[in-house]
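Shown next: final.cif, containing mmCIF, C-alpha atoms.
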data_input
loop_
_atom_site.label_atom_id
_atom_site.label_comp_id
_atom_site.auth_asym_id
_atom_site.auth_seq_id
_atom_site.Cartn_x
_atom_site.Cartn_y
_atom_site.Cartn_z
CA MET A 29 6.08 8.63 -11.97
CA SER A 30 6.62 6.26 -14.86
CA HIS A 31 10.20 5.09 -15.24
CA SER A 32 10.11 5.73 -18.98
CA SER A 33 8.11 8.94 -19.43
CA ILE A 34 9.44 11.58 -21.82
CA ALA A 35 8.47 15.11 -22.79
CA LEU A 36 7.43 14.63 -26.43
CA ALA A 37 7.35 17.74 -28.60
CA THR A 38 4.45 17.62 -31.06
CA ALA A 39 2.77 20.07 -33.43
CA ARG A 40 0.17 20.63 -30.67
CA GLY A 41 2.45 21.11 -27.68
CA THR A 42 4.79 19.03 -25.53
CA PHE A 43 3.04 15.98 -24.06
CA ARG A 44 4.14 13.64 -21.31
CA VAL A 45 4.41 10.23 -22.95
CA ALA A 46 5.73 6.81 -21.92
CA VAL A 47 6.72 4.20 -24.52
CA ASP A 48 7.29 0.53 -23.64
CA GLY A 49 7.94 -2.56 -25.76
CA ASP A 50 9.65 -3.28 -29.07
CA ALA A 51 9.86 -0.21 -31.32
CA ALA A 52 9.13 -2.47 -34.31
CA ALA A 53 5.95 -3.95 -32.79
CA PRO A 54 2.46 -2.69 -33.71
CA ALA A 55 1.57 0.47 -31.79
CA LEU A 56 -1.08 0.52 -29.03
CA VAL A 57 -2.03 3.88 -27.54
CA LEU A 58 -3.58 4.01 -24.04
CA GLY A 59 -5.78 6.98 -23.09
CA ASN A 60 -6.34 7.84 -19.42
CA SER A 61 -9.58 8.64 -17.63
CA LEU A 62 -10.56 12.03 -16.21
CA GLY A 63 -8.47 12.89 -13.17
CA THR A 64 -5.73 10.30 -13.72
CA THR A 65 -2.35 10.12 -15.44
CA LEU A 66 -0.58 7.59 -17.64
CA GLU A 67 0.40 5.73 -14.44
CA MET A 68 -3.14 4.32 -14.35
CA TRP A 69 -2.05 1.81 -17.03
CA GLU A 70 0.89 0.31 -15.14
CA PRO A 71 -0.94 -2.98 -14.41
CA GLN A 72 -1.37 -3.49 -18.18
CA VAL A 73 2.10 -2.55 -19.42
CA PRO A 74 3.90 -5.88 -18.77
CA ALA A 75 1.31 -7.92 -20.70
CA PHE A 76 0.54 -5.35 -23.40
CA SER A 77 4.21 -4.60 -24.15
CA GLN A 78 4.94 -8.23 -25.01
CA ALA A 79 3.01 -7.87 -28.27
CA PHE A 80 2.81 -4.09 -28.78
CA ARG A 81 4.76 -0.86 -28.72
CA VAL A 82 2.70 0.62 -25.87
CA ILE A 83 2.29 4.40 -25.97
CA ARG A 84 0.78 6.01 -22.88
CA TYR A 85 0.17 9.74 -22.56
CA ASP A 86 -1.27 12.27 -20.14
CA THR A 87 -4.37 13.82 -21.71
CA ARG A 88 -4.25 17.59 -22.20
CA GLY A 89 -4.92 19.28 -18.85
CA HIS A 90 -3.51 16.30 -16.91
CA GLY A 91 -0.15 15.39 -15.41
CA GLY A 92 2.82 16.60 -17.42
CA SER A 93 0.90 17.49 -20.59
CA PRO A 94 -0.13 21.04 -21.56
CA VAL A 95 -2.65 22.75 -19.30
CA THR A 96 -4.10 25.23 -21.77
CA PRO A 97 -7.15 27.38 -20.90
CA GLY A 98 -10.50 25.66 -21.40
CA PRO A 99 -13.00 24.69 -22.44
CA TYR A 100 -11.53 21.75 -24.36
CA SER A 101 -13.34 19.70 -27.00
CA PHE A 102 -12.95 16.08 -28.01
CA GLU A 103 -11.78 17.31 -31.41
CA GLU A 104 -8.83 18.88 -29.59
CA LEU A 105 -8.21 15.78 -27.49
CA GLY A 106 -8.41 13.53 -30.55
CA LEU A 107 -6.10 15.73 -32.59
CA ASP A 108 -3.63 15.59 -29.69
CA VAL A 109 -3.48 11.80 -30.09
CA LEU A 110 -2.83 12.13 -33.83
CA ALA A 111 -0.08 14.67 -33.12
CA ILE A 112 1.55 12.24 -30.67
CA LEU A 113 1.42 9.49 -33.30
CA ASP A 114 2.92 11.84 -35.89
CA ALA A 115 5.74 12.86 -33.53
CA LEU A 116 6.55 9.19 -32.90
CA GLY A 117 6.40 8.32 -36.62
CA VAL A 118 3.40 6.00 -36.20
CA ASP A 119 1.07 5.74 -39.19
CA LYS A 120 -1.58 3.44 -37.67
CA ALA A 121 -2.17 2.34 -34.09
CA SER A 122 -4.67 0.50 -31.98
CA PHE A 123 -6.25 2.69 -29.30
CA CYS A 124 -7.55 1.67 -25.88
CA GLY A 125 -9.06 4.27 -23.59
CA ILE A 126 -10.99 4.31 -20.32
CA SER A 127 -13.90 6.68 -19.63
CA MET A 128 -12.79 10.07 -21.02
CA GLY A 129 -10.02 8.23 -22.88
CA GLY A 130 -12.59 5.82 -24.31
CA HIS A 131 -14.66 8.77 -25.54
CA THR A 132 -11.53 10.16 -27.21
CA GLY A 133 -11.26 6.76 -28.91
CA LEU A 134 -14.83 7.06 -30.17
CA TRP A 135 -14.02 10.50 -31.61
CA LEU A 136 -10.99 9.01 -33.36
CA GLY A 137 -13.12 6.14 -34.68
CA VAL A 138 -15.64 8.61 -36.14
CA HIS A 139 -13.19 11.19 -37.50
CA ALA A 140 -9.80 9.48 -38.00
CA GLY A 141 -10.54 5.80 -38.56
CA HIS A 142 -7.82 5.62 -41.22
CA ARG A 143 -5.24 5.99 -38.41
CA LEU A 144 -6.71 3.17 -36.30
CA GLN A 145 -6.00 -0.56 -36.48
CA ALA A 146 -8.45 -1.42 -33.69
CA LEU A 147 -10.37 0.41 -30.97
CA ALA A 148 -11.14 -0.59 -27.38
CA VAL A 149 -13.63 1.73 -25.65
CA CYS A 150 -13.65 0.87 -21.96
CA ASN A 151 -15.98 2.08 -19.19
CA SER A 152 -17.24 4.82 -21.45
CA ALA A 153 -20.30 5.95 -23.39
CA ALA A 154 -21.24 7.90 -26.50
CA ARG A 155 -22.78 10.45 -24.13
CA ILE A 156 -21.29 10.52 -20.62
CA GLY A 157 -23.55 12.16 -18.07
CA ALA A 158 -25.41 15.42 -18.70
CA LEU A 159 -24.29 18.96 -19.47
CA GLY A 160 -25.47 20.57 -16.22
CA PRO A 161 -23.54 18.44 -13.71
CA TRP A 162 -20.35 18.67 -15.79
CA MET A 163 -20.61 22.48 -15.92
CA GLU A 164 -21.24 22.58 -12.16
CA ARG A 165 -18.20 20.42 -11.48
CA ALA A 166 -16.03 22.58 -13.75
CA ALA A 167 -17.19 25.75 -11.98
CA MET A 168 -16.60 24.17 -8.57
CA VAL A 169 -12.98 23.22 -9.22
CA ARG A 170 -12.22 26.56 -10.90
CA SER A 171 -13.51 28.47 -7.87
CA ALA A 172 -12.16 26.11 -5.17
CA GLY A 173 -8.80 25.37 -6.82
CA ALA A 174 -6.61 22.71 -5.23
CA ALA A 175 -9.09 22.31 -2.36
CA GLY A 176 -11.75 21.42 -4.92
CA MET A 177 -9.51 18.76 -6.42
CA ARG A 178 -8.94 17.32 -2.93
CA THR A 179 -12.72 17.22 -2.40
CA LEU A 180 -13.07 15.26 -5.65
CA ALA A 181 -10.24 12.95 -4.59
CA ASP A 182 -12.05 12.23 -1.31
CA SER A 183 -15.24 11.22 -3.15
CA ALA A 184 -13.56 9.45 -6.10
CA PRO A 185 -13.42 5.90 -4.64
CA GLY A 186 -17.22 5.68 -4.60
CA ARG A 187 -17.33 6.47 -8.32
CA TRP A 188 -14.26 4.49 -9.33
CA PHE A 189 -14.21 1.26 -7.30
CA THR A 190 -16.55 -1.21 -5.60
CA ASN A 191 -16.59 -1.02 -1.80
CA GLU A 192 -15.12 -4.52 -1.63
CA PHE A 193 -12.12 -3.54 -3.74
CA ALA A 194 -11.61 -0.26 -1.87
CA GLN A 195 -11.43 -2.16 1.41
CA ALA A 196 -9.17 -4.91 0.05
CA GLN A 197 -6.75 -2.68 -1.89
CA PRO A 198 -6.40 0.62 -0.01
CA ALA A 199 -2.98 1.35 -1.56
CA VAL A 200 -4.40 1.27 -5.10
CA VAL A 201 -7.28 3.52 -4.06
CA HIS A 202 -4.93 5.96 -2.32
CA ALA A 203 -2.70 6.19 -5.40
CA ALA A 204 -5.73 6.95 -7.58
CA GLN A 205 -6.87 9.64 -5.14
CA GLU A 206 -3.44 11.27 -5.33
CA TRP A 207 -3.63 11.38 -9.13
CA ILE A 208 -6.84 13.37 -9.05
CA ALA A 209 -5.63 15.61 -6.20
CA GLY A 210 -2.58 16.50 -8.29
CA ILE A 211 -4.43 17.54 -11.45
CA GLU A 212 -4.43 21.28 -12.14
CA PRO A 213 -7.96 22.63 -11.63
CA GLU A 214 -8.10 24.40 -15.00
CA GLY A 215 -7.12 21.26 -16.89
CA TYR A 216 -9.66 19.16 -15.02
CA ALA A 217 -12.43 21.75 -15.47
CA ALA A 218 -11.68 22.12 -19.19
CA CYS A 219 -11.99 18.33 -19.66
CA CYS A 220 -15.29 18.37 -17.71
CA GLU A 221 -16.52 20.93 -20.24
CA ALA A 222 -15.45 18.69 -23.13
CA LEU A 223 -17.37 15.80 -21.59
CA GLY A 224 -20.42 17.97 -21.05
CA ALA A 225 -20.49 19.16 -24.64
CA SER A 226 -19.81 15.88 -26.48
CA ASP A 227 -22.54 13.58 -27.79
CA LEU A 228 -21.41 10.98 -30.34
CA ARG A 229 -24.54 8.80 -30.27
CA ASN A 230 -25.66 9.74 -33.77
CA ALA A 231 -22.15 9.29 -35.22
CA LEU A 232 -21.44 5.73 -34.04
CA GLY A 233 -22.50 4.22 -37.36
CA ARG A 234 -19.55 5.95 -39.02
CA ILE A 235 -17.05 3.84 -37.06
CA THR A 236 -15.65 1.10 -39.32
CA THR A 237 -12.61 0.21 -37.17
CA PRO A 238 -12.87 -3.16 -35.36
CA THR A 239 -14.22 -2.08 -31.96
CA LEU A 240 -14.46 -3.61 -28.48
CA LEU A 241 -16.83 -2.13 -25.91
CA LEU A 242 -15.69 -3.13 -22.41
CA ALA A 243 -17.83 -2.47 -19.34
CA GLY A 244 -17.59 -3.11 -15.62
CA ASP A 245 -20.56 -5.00 -14.21
CA ALA A 246 -20.63 -2.72 -11.14
CA ASP A 247 -19.86 0.59 -12.89
CA PRO A 248 -22.35 3.29 -11.77
CA VAL A 249 -20.91 5.95 -14.11
CA THR A 250 -20.81 4.30 -17.54
CA THR A 251 -22.97 1.22 -17.30
CA VAL A 252 -23.20 -2.10 -19.12
CA ALA A 253 -26.31 -0.63 -20.77
CA ASP A 254 -24.17 2.23 -22.12
CA ALA A 255 -21.78 -0.30 -23.65
CA GLN A 256 -24.68 -2.28 -25.12
CA ALA A 257 -26.07 0.91 -26.67
CA MET A 258 -22.71 1.61 -28.31
CA GLN A 259 -22.50 -1.99 -29.52
CA ALA A 260 -25.91 -1.57 -31.17
CA GLY A 261 -24.65 1.54 -32.93
CA ILE A 262 -21.21 0.36 -34.10
CA PRO A 263 -21.40 -2.26 -36.85
CA GLY A 264 -19.65 -5.52 -35.96
CA SER A 265 -18.46 -4.34 -32.56
CA LYS A 266 -17.82 -6.75 -29.68
CA LEU A 267 -18.86 -6.50 -26.01
CA ALA A 268 -16.94 -7.65 -22.93
CA VAL A 269 -17.99 -7.29 -19.29
CA VAL A 270 -15.52 -7.60 -16.41
CA PRO A 271 -16.20 -7.81 -12.64
CA ALA A 272 -15.36 -4.23 -11.63
CA SER A 273 -16.58 -0.70 -11.18
CA HIS A 274 -15.44 2.32 -13.24
CA LEU A 275 -11.63 1.96 -13.29
CA SER A 276 -11.88 -1.65 -14.38
CA ASN A 277 -8.26 -1.94 -15.50
CA LEU A 278 -7.20 -1.33 -11.88
CA GLU A 279 -9.95 -3.32 -10.16
CA ALA A 280 -9.88 -6.37 -12.47
CA PRO A 281 -6.49 -6.06 -14.20
CA GLN A 282 -6.17 -9.65 -15.37
CA ALA A 283 -9.71 -9.87 -16.76
CA PHE A 284 -9.29 -6.45 -18.38
CA SER A 285 -5.96 -7.28 -20.00
CA ALA A 286 -7.19 -10.68 -21.19
CA ALA A 287 -10.30 -9.16 -22.80
CA VAL A 288 -8.37 -6.40 -24.59
CA LEU A 289 -5.49 -8.63 -25.72
CA GLY A 290 -7.88 -11.34 -26.91
CA PHE A 291 -9.79 -8.78 -28.94
CA LEU A 292 -6.63 -7.25 -30.41
CA ALA A 293 -5.28 -10.70 -31.33
CA GLY A 294 -8.52 -11.38 -33.17
CA THR A 295 -8.31 -8.15 -35.16
CA ALA A 296 -4.68 -8.84 -36.08
CA ALA A 297 -5.62 -12.26 -37.43
CA ALA A 298 -8.62 -10.93 -39.37
#

Would you give me this structure, written as structure tokens?
Amino acid sequence: MSHSSIALATARGTFRVAVDGDAAAPALVLGNSLGTTLEMWEPQVPAFSQAFRVIRYDTRGHGGSPVTPGPYSFEELGLDVLAILDALGVDKASFCGISMGGHTGLWLGVHAGHRLQALAVCNSAARIGALGPWMERAAMVRSAGAAGMRTLADSAPGRWFTNEFAQAQPAVVHAAQEWIAGIEPEGYAACCEALGASDLRNALGRITTPTLLLAGDADPVTTVADAQAMQAGIPGSKLAVVPASHLSNLEAPQAFSAAVLGFLAGTAAA
């Protein structure tokens, strides 16, 4: 567990949050991927917290945040982020999210751009997957419970990491598998339903926040082509590709951090 996590009471429930860095520094919120917790960002915290007040949180349904009955929507998940900012007294923040967290960032860019300084959408897409498979996965974990989450944990490395990384860094892979195994089935299923229902492709043109689209060159889930499609839809957005699969911040932490920090430095100077 994170050394600095707190239970933060907000208007939308009590969320598990970790805050690192100078309280007077610009805020940077980090949104986790499906089946992980705020611990996924630990490789980034030392570098990010030098320049930012880094705010990590467990998405609704995950970790120590509320597990309310599903289905969830990205409106709910986006409003949760705004409630966390409000509870911390933050008017504007940069937001960086991976996969599901990146899609939450897109929702914020479309619907709450006035609260965003900059946006980094990593290993994500405006439409992630298709409705049918998401509904099937939600039904599977609801019926199988904890055993279903363990099944997902067993298969996660093939979706999340390249084979080379999985063989070279078994401890990182094992930690990621334990995150997913520990997620409550209802919370996971409800987020699957949110992913199945959300399609932001036609709304991308409404994003005016400076935006980075970051992709992993070996990501089978949200591809470089997905990032290029978002870049075509978001005016003025930038593209970065790092040598990694889906959880690129864990597989290529230095390249990931350098790309995000370089982008954020550019938006601060603009």

Query - Chain and number of each residue from the PyMOL selection byres ((chain A and resi 245) around 8), as an NGL selection string - result: :A and (243-244 or 246-247 or 251-252 or 269-273)

Grab the residues selected above and save them as a PDB file, in the coordinates of the input with C-alpha atoms.
ATOM      1  CA  ALA A 243     -17.830  -2.470 -19.340  1.00  0.00           C
ATOM      2  CA  GLY A 244     -17.590  -3.110 -15.620  1.00  0.00           C
ATOM      3  CA  ALA A 246     -20.630  -2.720 -11.140  1.00  0.00           C
ATOM      4  CA  ASP A 247     -19.860   0.590 -12.890  1.00  0.00           C
ATOM      5  CA  THR A 251     -22.970   1.220 -17.300  1.00  0.00           C
ATOM      6  CA  VAL A 252     -23.200  -2.100 -19.120  1.00  0.00           C
ATOM      7  CA  VAL A 269     -17.990  -7.290 -19.290  1.00  0.00           C
ATOM      8  CA  VAL A 270     -15.520  -7.600 -16.410  1.00  0.00           C
ATOM      9  CA  PRO A 271     -16.200  -7.810 -12.640  1.00  0.00           C
ATOM     10  CA  ALA A 272     -15.360  -4.230 -11.630  1.00  0.00           C
ATOM     11  CA  SER A 273     -16.580  -0.700 -11.180  1.00  0.00           C
TER      12      SER A 273
END

Report task. Kindly indicate which residue among A:Gly186, A:Gly294, A:Gly215, A:Pro281 lies nearest to Lys266 in chain A, using only C-alpha atoms for the distances. Result ->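 Result for the nearest residue to Lys266 in chain A: A:Gly294.
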
Report task. Using all atoms listed in the file, determine which residues lie at most 6 Å from range 96-113 of chain A, disregarding the query and same-chain residues fewer than 6 positions distant; provide the list as an NGL selection string. Result -> :A and (38 or 132 or 136 or 218-219 or 221-222)

**Report entry** For Gly264 in chain A, the nearest of the candidates A:Gly233, A:Gly130, A:Gly63, A:Gly117, counting all atoms listed in the file
**Finding:** A:Gly233

Requested in this report: Figure out the distance between CA of His202 in chain A and CA of Val73 in chain A, please, to one decimal in Å.
Outcome: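 Pair CA of Val73 in chain A / CA of His202 in chain A returns 20.4 Å.
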
Would you write out, as a PDB file with C-alpha atoms, in the coordinates of the input, every residue that the PyMOL selection byres ((chain A and resi 50) around 12) captures in this file?
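The resulting result.pdb:
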ATOM      1  CA  VAL A  47       6.720   4.200 -24.520  1.00  0.00           C
ATOM      2  CA  ASP A  48       7.290   0.530 -23.640  1.00  0.00           C
ATOM      3  CA  GLY A  49       7.940  -2.560 -25.760  1.00  0.00           C
ATOM      4  CA  ALA A  51       9.860  -0.210 -31.320  1.00  0.00           C
ATOM      5  CA  ALA A  52       9.130  -2.470 -34.310  1.00  0.00           C
ATOM      6  CA  ALA A  53       5.950  -3.950 -32.790  1.00  0.00           C
ATOM      7  CA  PRO A  54       2.460  -2.690 -33.710  1.00  0.00           C
ATOM      8  CA  ALA A  55       1.570   0.470 -31.790  1.00  0.00           C
ATOM      9  CA  LEU A  56      -1.080   0.520 -29.030  1.00  0.00           C
ATOM     10  CA  PHE A  76       0.540  -5.350 -23.400  1.00  0.00           C
ATOM     11  CA  SER A  77       4.210  -4.600 -24.150  1.00  0.00           C
ATOM     12  CA  GLN A  78       4.940  -8.230 -25.010  1.00  0.00           C
ATOM     13  CA  ALA A  79       3.010  -7.870 -28.270  1.00  0.00           C
ATOM     14  CA  PHE A  80       2.810  -4.090 -28.780  1.00  0.00           C
ATOM     15  CA  ARG A  81       4.760  -0.860 -28.720  1.00  0.00           C
ATOM     16  CA  VAL A  82       2.700   0.620 -25.870  1.00  0.00           C
ATOM     17  CA  ILE A  83       2.290   4.400 -25.970  1.00  0.00           C
TER      18      ILE A  83
END

Query - Explicit residues for the PyMOL selection byres ((chain A and resi 170) around 12) (as a PyMOL selection string) - result: chain A and resi 97-99+163-169+171-177+211-218+220-221

Query raised in the report: So how many Å separate CA of Gly261 in chain A and CA of Ala140 in chain A, to one decimal?
Result: 17.6 Å

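Across the structure, CA of Trp162 in chain A and CA of Leu62 in chain A are spaced 11.8 Å apart.
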
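With distances taken over all atoms listed in the file, A:Leu66 is the one residue among A:Leu58, A:Val138, A:Ile156, A:Leu66 lying closest to Ser32 in chain A.
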
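Among the candidates A:Gly59, A:Gly89, A:Gly210, A:Gly157, the residue lying nearest to Asp254 in chain A is A:Gly157 (atoms considered: all atoms listed in the file).
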